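> Compact mmCIF, C-alpha atoms and all ligand atoms, saved as entry.txt, coming up:
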```txt
# COMPACT_ATOMS: atom_id res chain seq x y z
CA MET A 1 82.18 94.82 78.72
CA ALA A 2 82.55 96.29 82.18
CA SER A 3 80.00 98.85 83.24
CA VAL A 4 80.97 102.38 84.22
CA THR A 5 79.72 103.29 87.66
CA SER A 6 81.02 105.01 90.74
CA PRO A 7 81.41 104.77 93.61
CA VAL A 8 81.64 101.02 94.13
CA PRO A 9 78.79 99.68 96.27
CA ALA A 10 81.13 97.57 98.40
CA GLN A 11 81.39 97.48 102.16
CA GLU A 12 82.18 100.98 103.32
CA ALA A 13 83.04 102.59 106.65
CA PRO A 14 80.48 104.85 108.34
CA ARG A 15 81.38 108.53 108.46
CA ASP A 16 82.07 108.27 112.18
CA CYS A 17 83.93 104.96 112.24
CA PRO A 18 85.39 104.82 115.76
CA LEU A 19 88.01 102.10 115.34
CA CYS A 20 91.21 104.21 115.26
CA PRO A 21 91.19 106.74 118.14
CA ARG A 22 94.14 108.79 116.87
CA LEU A 23 92.60 109.13 113.41
CA VAL A 24 89.19 109.94 114.91
CA ALA A 25 90.76 112.78 116.91
CA PHE A 26 92.53 114.09 113.79
CA ARG A 27 89.30 113.85 111.82
CA GLU A 28 87.40 115.79 114.49
CA ALA A 29 90.05 118.51 114.58
CA LEU A 30 89.89 118.85 110.80
CA ARG A 31 86.09 119.03 110.89
CA ALA A 32 86.34 121.96 113.29
CA GLU A 33 89.05 123.64 111.24
CA HIS A 34 87.62 122.96 107.76
CA PRO A 35 83.86 122.30 108.04
CA ALA A 36 83.40 122.33 104.25
CA TRP A 37 85.86 119.44 103.71
CA TRP A 38 84.87 115.78 103.50
CA ASN A 39 86.75 114.81 106.71
CA ALA A 40 85.51 111.20 106.87
CA PRO A 41 86.53 107.74 105.66
CA VAL A 42 86.97 107.96 101.88
CA PRO A 43 84.92 105.42 99.88
CA HIS A 44 86.39 103.31 97.11
CA PHE A 45 86.04 104.76 93.65
CA GLY A 46 85.59 102.93 90.40
CA ASP A 47 83.97 100.13 88.49
CA PRO A 48 82.21 97.39 90.52
CA GLU A 49 83.16 94.93 87.78
CA ALA A 50 86.80 96.02 87.74
CA TRP A 51 89.51 93.55 86.70
CA LEU A 52 92.17 95.82 88.23
CA ALA A 53 92.29 97.14 91.79
CA ILE A 54 94.68 99.96 92.59
CA CYS A 55 95.68 99.78 96.23
CA GLY A 56 96.57 103.14 97.74
CA LEU A 57 97.85 104.01 101.17
CA ALA A 58 95.51 106.57 102.75
CA PRO A 59 93.71 109.81 101.88
CA GLY A 60 95.87 112.92 101.55
CA LYS A 61 94.87 115.71 103.90
CA GLN A 62 94.06 118.25 101.19
CA GLY A 63 93.33 115.64 98.55
CA ALA A 64 90.85 112.84 99.18
CA ASN A 65 90.23 113.94 102.75
CA ARG A 66 89.12 117.33 101.43
CA THR A 67 87.19 116.20 98.35
CA GLY A 68 85.95 112.72 99.38
CA ARG A 69 87.29 110.89 96.30
CA PRO A 70 90.59 108.99 96.17
CA PHE A 71 93.50 110.86 94.60
CA THR A 72 91.35 113.90 93.90
CA GLY A 73 92.70 117.33 94.77
CA ASP A 74 96.35 116.52 95.31
CA TYR A 75 99.46 116.14 93.17
CA ALA A 76 99.51 112.34 93.16
CA GLY A 77 96.15 112.16 91.42
CA LEU A 78 97.31 114.10 88.38
CA LEU A 79 99.72 111.38 87.28
CA LEU A 80 97.43 108.56 88.36
CA TYR A 81 94.35 109.68 86.45
CA GLN A 82 96.42 110.80 83.46
CA THR A 83 97.94 107.33 83.30
CA LEU A 84 94.59 105.59 83.69
CA ALA A 85 93.18 107.67 80.83
CA ARG A 86 96.14 106.70 78.66
CA PHE A 87 95.27 103.02 79.16
CA GLY A 88 91.56 103.53 78.51
CA LEU A 89 90.75 102.96 82.17
CA ALA A 90 89.18 106.38 82.78
CA GLN A 91 86.45 108.17 80.87
CA GLY A 92 85.71 111.89 81.01
CA SER A 93 87.83 114.77 82.20
CA PHE A 94 89.69 114.82 85.45
CA ALA A 95 89.19 118.26 86.98
CA GLU A 96 90.33 117.46 90.54
CA ARG A 97 86.75 117.62 91.80
CA PRO A 98 84.44 114.73 92.72
CA ASP A 99 81.71 116.19 90.50
CA ASP A 100 83.89 116.39 87.39
CA GLY A 101 82.09 113.41 85.84
CA LEU A 102 85.18 111.23 85.65
CA ALA A 103 84.33 107.52 85.59
CA LEU A 104 86.68 104.56 85.84
CA ARG A 105 86.32 101.60 83.51
CA GLY A 106 87.65 98.21 84.56
CA VAL A 107 89.48 99.66 87.53
CA VAL A 108 88.73 100.51 91.14
CA ILE A 109 90.81 102.43 93.69
CA VAL A 110 90.85 101.05 97.23
CA ASN A 111 92.90 102.54 100.07
CA ALA A 112 94.45 100.39 102.79
CA VAL A 113 93.55 103.09 105.33
CA LYS A 114 90.36 105.06 104.80
CA CYS A 115 90.95 108.04 107.12
CA VAL A 116 93.62 110.68 106.71
CA PRO A 117 96.56 110.10 109.07
CA PRO A 118 98.72 112.90 110.49
CA GLN A 119 101.82 113.45 108.33
CA ASN A 120 100.50 110.79 105.91
CA LYS A 121 101.78 108.13 108.31
CA PRO A 122 99.31 105.60 109.70
CA THR A 123 100.56 103.42 112.53
CA PRO A 124 100.92 99.64 112.05
CA GLN A 125 97.88 99.18 114.30
CA GLU A 126 95.77 101.57 112.21
CA ILE A 127 96.80 99.82 109.01
CA ALA A 128 95.96 96.43 110.50
CA THR A 129 92.61 97.65 111.82
CA CYS A 130 91.39 99.23 108.58
CA THR A 131 92.76 96.41 106.44
CA HIS A 132 90.82 93.90 108.50
CA ALA A 133 87.62 95.96 108.79
CA TYR A 134 87.33 97.40 105.28
CA PHE A 135 90.19 96.81 102.85
CA ARG A 136 90.04 93.01 102.83
CA PRO A 137 86.20 92.89 102.68
CA ALA A 138 86.21 95.44 99.86
CA LEU A 139 88.58 93.34 97.76
CA ALA A 140 86.55 90.25 98.54
CA ALA A 141 83.44 92.05 97.27
CA LEU A 142 85.08 92.66 93.89
CA PRO A 143 85.01 89.17 92.37
CA GLN A 144 86.15 90.23 88.88
CA VAL A 145 89.45 91.63 90.13
CA ARG A 146 92.36 89.55 88.78
CA VAL A 147 95.24 92.02 89.16
CA LEU A 148 96.20 94.42 91.93
CA VAL A 149 98.59 97.36 91.61
CA ALA A 150 100.03 98.41 94.96
CA LEU A 151 101.16 102.03 95.25
CA GLY A 152 104.04 101.83 97.72
CA ARG A 153 105.21 99.34 100.29
CA ILE A 154 102.43 99.89 102.83
CA ALA A 155 99.75 99.21 100.23
CA HIS A 156 101.76 96.20 99.06
CA ASP A 157 101.91 94.83 102.60
CA ALA A 158 98.18 95.39 103.09
CA ALA A 159 97.39 93.60 99.82
CA VAL A 160 99.58 90.63 100.74
CA ARG A 161 98.06 90.39 104.22
CA ALA A 162 94.53 90.76 102.85
CA ALA A 163 95.19 87.73 100.62
CA GLY A 164 96.54 85.72 103.56
CA GLY A 165 100.20 85.86 102.54
CA ARG A 166 103.38 86.18 104.63
CA LEU A 167 105.25 89.40 103.90
CA SER A 168 108.64 87.64 103.79
CA ALA A 169 107.47 85.61 100.81
CA TYR A 170 106.46 88.69 98.79
CA PRO A 171 109.24 91.32 98.80
CA PHE A 172 108.27 94.77 97.56
CA ALA A 173 110.11 96.26 94.57
CA HIS A 174 109.02 98.55 91.77
CA LEU A 175 107.57 96.42 88.95
CA ALA A 176 107.87 93.23 91.00
CA GLU A 177 104.96 90.88 90.44
CA HIS A 178 103.59 88.22 92.73
CA ARG A 179 100.98 85.47 92.61
CA LEU A 180 99.06 85.91 95.88
CA PRO A 181 97.59 83.00 97.87
CA ASP A 182 94.09 83.89 96.66
CA GLY A 183 95.21 83.50 93.04
CA ARG A 184 95.23 87.18 92.19
CA LEU A 185 98.32 88.84 90.72
CA LEU A 186 100.00 91.78 92.42
CA VAL A 187 102.21 94.31 90.63
CA ASP A 188 104.20 96.73 92.79
CA SER A 189 104.83 100.38 92.06
CA TYR A 190 106.49 103.22 93.86
CA HIS A 191 103.80 105.57 95.12
CA CYS A 192 102.94 108.40 92.75
CA SER A 193 103.50 110.99 95.51
CA ARG A 194 104.79 114.46 94.78
CA TYR A 195 108.05 113.58 96.56
CA ASN A 196 108.65 110.47 94.47
CA GLN A 197 107.88 112.35 91.27
CA ASN A 198 110.00 115.38 92.15
CA THR A 199 112.99 113.17 93.02
CA ASN A 200 112.50 111.04 89.87
CA ARG A 201 112.14 107.95 92.00
CA LEU A 202 108.99 107.46 89.94
CA THR A 203 108.84 108.86 86.41
CA PRO A 204 105.73 108.83 84.18
CA ALA A 205 107.43 106.17 82.04
CA MET A 206 108.05 103.97 85.09
CA PHE A 207 104.44 104.37 86.13
CA GLU A 208 103.15 103.53 82.67
CA ALA A 209 105.27 100.39 82.71
CA VAL A 210 103.36 99.20 85.77
CA PHE A 211 99.99 99.51 84.05
CA LYS A 212 101.33 98.05 80.86
CA ARG A 213 102.46 95.01 82.84
CA ALA A 214 99.12 94.79 84.67
CA ALA A 215 97.27 94.81 81.34
CA ALA A 216 99.59 92.12 79.95
CA LEU A 217 99.05 89.92 83.00
CA ARG A 218 95.30 90.29 82.68
CA ALA A 219 95.43 89.44 78.98
CA ALA A 220 97.45 86.32 79.79
CA GLU A 221 94.94 85.31 82.45
CA VAL A 222 92.03 85.74 80.04
CA SER A 223 93.90 83.76 77.39
CA ASN A 224 94.63 80.94 79.85
CA LEU A 225 91.01 80.77 80.92
CA ARG A 226 89.86 80.57 77.31
CA GLY A 227 92.35 77.78 76.67
CA LYS A 228 90.94 75.59 79.44
S1 LIG B 1 91.10 104.24 109.27
FE1 LIG B 1 89.50 102.72 108.79
S2 LIG B 1 89.21 101.50 110.67
FE2 LIG B 1 90.34 103.40 111.23
S3 LIG B 1 88.75 104.88 111.85
FE3 LIG B 1 89.11 105.20 109.65
S4 LIG B 1 87.62 103.89 108.58
FE4 LIG B 1 87.72 103.20 110.72
```
Could you write out this file's structure as structure tokens?


Amino acid sequence: MASVTSPVPAQEAPRDCPLCPRLVAFREALRAEHPAWWNAPVPHFGDPEAWLAICGLAPGKQGANRTGRPFTGDYAGLLLYQTLARFGLAQGSFAERPDDGLALRGVVIVNAVKCVPPQNKPTPQEIATCTHAYFRPALAALPQVRVLVALGRIAHDAAVRAAGGRLSAYPFAHLAEHRLPDGRLLVDSYHCSRYNQNTNRLTPAMFEAVFKRAAALRAAEVSNLRGK
């Protein structure tokens, strides 16, 4: 059985990572404006023996950038953690605070970009830089991960690139699934952002279907391994 620990002791960025000048400047401005906020690269959160990695885009300004834990303190996290609890992947109560005692079981959340970008929009260069420096090494340091769930196209692209794939061979679509070059399985989902939920682009039922499929793929993998 997987252990329950957080955060994951994988490769993490230092608080003052200098690699993306625009994001560093934004971070510094936020530190001056909101000195009590986290305002630093946000570490991964979850189980170091996770079979499932949820790939997010980047910290939200008043969510993870404020609290220091992925999807904590903003609207997107409500549906995400509620759904994880429904599938037995989260233990404890989610109270939108990093000290609420919530623990993930069998799952880890890893963002493609670790620093909050202005308007929630990282540039292609920033995505490439953080994917290379932290996202890819973090996934590599999670050897039990068999299935990835990508929240949105940017996270999908980062996951494909991190596995050494060509984007043209792995088109993004909600509930699409892909076998990546490293052997892991990728399931796509629309991002659980407030906008997508308010416009019904992503409903709770659609989101649950993604995790149901991820669990089925993992069960099939385990069954195949046992059959060998
Ligand atoms: S986004 Fe990633 S690579 Fe860029 S400054 Fe932040 S931690 Fe460093």

> Nearest to ligand LIG 1 (chain B): which of A:Glu96, A:Glu28, A:Glu126, A:Asp47 is it, counting all atoms listed in the file?

A:Glu126

> Distance limit 10 Å, reference ligand LIG 1 (chain B), atoms considered: all atoms listed in the file. Which residues make the cut? Give them as a PDB file with C-alpha atoms, in the coordinates of the input.


```pdb
ATOM      1  CA  GLU A  12      82.180 100.980 103.320  1.00  0.00           C
ATOM      2  CA  ALA A  13      83.040 102.590 106.650  1.00  0.00           C
ATOM      3  CA  PRO A  14      80.480 104.850 108.340  1.00  0.00           C
ATOM      4  CA  ARG A  15      81.380 108.530 108.460  1.00  0.00           C
ATOM      5  CA  ASP A  16      82.070 108.270 112.180  1.00  0.00           C
ATOM      6  CA  CYS A  17      83.930 104.960 112.240  1.00  0.00           C
ATOM      7  CA  PRO A  18      85.390 104.820 115.760  1.00  0.00           C
ATOM      8  CA  LEU A  19      88.010 102.100 115.340  1.00  0.00           C
ATOM      9  CA  CYS A  20      91.210 104.210 115.260  1.00  0.00           C
ATOM     10  CA  PRO A  21      91.190 106.740 118.140  1.00  0.00           C
ATOM     11  CA  ARG A  22      94.140 108.790 116.870  1.00  0.00           C
ATOM     12  CA  LEU A  23      92.600 109.130 113.410  1.00  0.00           C
ATOM     13  CA  VAL A  24      89.190 109.940 114.910  1.00  0.00           C
ATOM     14  CA  ALA A  25      90.760 112.780 116.910  1.00  0.00           C
ATOM     15  CA  ARG A  27      89.300 113.850 111.820  1.00  0.00           C
ATOM     16  CA  ALA A  40      85.510 111.200 106.870  1.00  0.00           C
ATOM     17  CA  PRO A  41      86.530 107.740 105.660  1.00  0.00           C
ATOM     18  CA  VAL A  42      86.970 107.960 101.880  1.00  0.00           C
ATOM     19  CA  PRO A  43      84.920 105.420  99.880  1.00  0.00           C
ATOM     20  CA  ALA A  58      95.510 106.570 102.750  1.00  0.00           C
ATOM     21  CA  PRO A  59      93.710 109.810 101.880  1.00  0.00           C
ATOM     22  CA  ASN A 111      92.900 102.540 100.070  1.00  0.00           C
ATOM     23  CA  ALA A 112      94.450 100.390 102.790  1.00  0.00           C
ATOM     24  CA  VAL A 113      93.550 103.090 105.330  1.00  0.00           C
ATOM     25  CA  LYS A 114      90.360 105.060 104.800  1.00  0.00           C
ATOM     26  CA  CYS A 115      90.950 108.040 107.120  1.00  0.00           C
ATOM     27  CA  VAL A 116      93.620 110.680 106.710  1.00  0.00           C
ATOM     28  CA  PRO A 117      96.560 110.100 109.070  1.00  0.00           C
ATOM     29  CA  PRO A 122      99.310 105.600 109.700  1.00  0.00           C
ATOM     30  CA  GLN A 125      97.880  99.180 114.300  1.00  0.00           C
ATOM     31  CA  GLU A 126      95.770 101.570 112.210  1.00  0.00           C
ATOM     32  CA  ILE A 127      96.800  99.820 109.010  1.00  0.00           C
ATOM     33  CA  ALA A 128      95.960  96.430 110.500  1.00  0.00           C
ATOM     34  CA  THR A 129      92.610  97.650 111.820  1.00  0.00           C
ATOM     35  CA  CYS A 130      91.390  99.230 108.580  1.00  0.00           C
ATOM     36  CA  THR A 131      92.760  96.410 106.440  1.00  0.00           C
ATOM     37  CA  HIS A 132      90.820  93.900 108.500  1.00  0.00           C
ATOM     38  CA  ALA A 133      87.620  95.960 108.790  1.00  0.00           C
ATOM     39  CA  TYR A 134      87.330  97.400 105.280  1.00  0.00           C
ATOM     40  CA  PHE A 135      90.190  96.810 102.850  1.00  0.00           C
TER      41      PHE A 135
END
```

> In Å, how far is it from CA of Ala140 in chain A to CA of Gly56 in chain A?

16.3 Å

> Just how far from CA of Thr203 in chain A is CA of Thr123 in chain A, in Å to one decimal?

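Between these atoms lies a distance of 27.9 Å.
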
> Nearest to Ile54 in chain A among A:Ala95, A:Val110, A:Ala205, A:Leu217, with distances taken over only C-alpha atoms: which residue is it?

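Once distances to Ile54 in chain A are computed over only C-alpha atoms, the minimum belongs to A:Val110.
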
> From the options A:Val222, A:Leu148, A:Ala103, A:Ala76, which residue's atoms come nearest to His191 in chain A, counting all atoms listed in the file?

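For His191 in chain A, the nearest of the given residues is A:Ala76.
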
> Just the residues within 7 Å of Gly68 in chain A, please, counting all atoms listed in the file, with nothing from its chain fewer than 2 positions along; format it as a list of chain:residue names.

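Counting only the stated atoms, we get A:Trp38, A:Val42, A:Ala64, A:Asn65, A:Arg66, A:Pro70.
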
> Within 12 Å of Asn196 in chain A, counting only C-alpha atoms, which residues show up once you throw out same-chain ones fewer than 5 positions away? Write them as a PyMOL selection string, please.

chain A and resi 75-76+79+151-152+189-191+201-204+206-207

> Output C-alpha atoms for every residue in that selection, as a JSON list (two decimals), in the frame of the given file.


```
[["chain", "number", "residue", "atom", "x", "y", "z"],
["A", 75, "TYR", "CA", 99.46, 116.14, 93.17],
["A", 76, "ALA", "CA", 99.51, 112.34, 93.16],
["A", 79, "LEU", "CA", 99.72, 111.38, 87.28],
["A", 151, "LEU", "CA", 101.16, 102.03, 95.25],
["A", 152, "GLY", "CA", 104.04, 101.83, 97.72],
["A", 189, "SER", "CA", 104.83, 100.38, 92.06],
["A", 190, "TYR", "CA", 106.49, 103.22, 93.86],
["A", 191, "HIS", "CA", 103.80, 105.57, 95.12],
["A", 201, "ARG", "CA", 112.14, 107.95, 92.00],
["A", 202, "LEU", "CA", 108.99, 107.46, 89.94],
["A", 203, "THR", "CA", 108.84, 108.86, 86.41],
["A", 204, "PRO", "CA", 105.73, 108.83, 84.18],
["A", 206, "MET", "CA", 108.05, 103.97, 85.09],
["A", 207, "PHE", "CA", 104.44, 104.37, 86.13]]
```

> Between CA of Pro48 in chain A and CA of Gln144 in chain A, what is the distance, to one decimal in Å?

8.3 Å

> Which one is closest to Thr67 in chain A: A:His34, A:Thr83, A:Gly88, A:Leu52? Count all atoms listed in the file.

A:His34

> Please identify all polymer residues within 6 Å of range 161-165 of chain A, counting only C-alpha atoms, omitting same-chain residues fewer than 5 positions from it, and present them as a PDB file with C-alpha atoms, keeping the file's coordinate frame.


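What ended up in around04.pdb:
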```pdb
ATOM      1  CA  ARG A 136      90.040  93.010 102.830  1.00  0.00           C
ATOM      2  CA  PRO A 181      97.590  83.000  97.870  1.00  0.00           C
ATOM      3  CA  ASP A 182      94.090  83.890  96.660  1.00  0.00           C
TER       4      ASP A 182
END
```

> Taking all atoms listed in the file into account, name the residue in A:Ala138, A:Ala176, A:Ile109, A:Leu89 that is nearest to Gln11 in chain A.

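Smallest separation from Gln11 in chain A among the options: A:Ala138.
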
> Using all atoms listed in the file for the distances, tell me which of A:Ala150, A:Val160, A:Asn198, A:Leu167 is nearest to Leu180 in chain A.

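For Leu180 in chain A, the nearest of the given residues is A:Val160.
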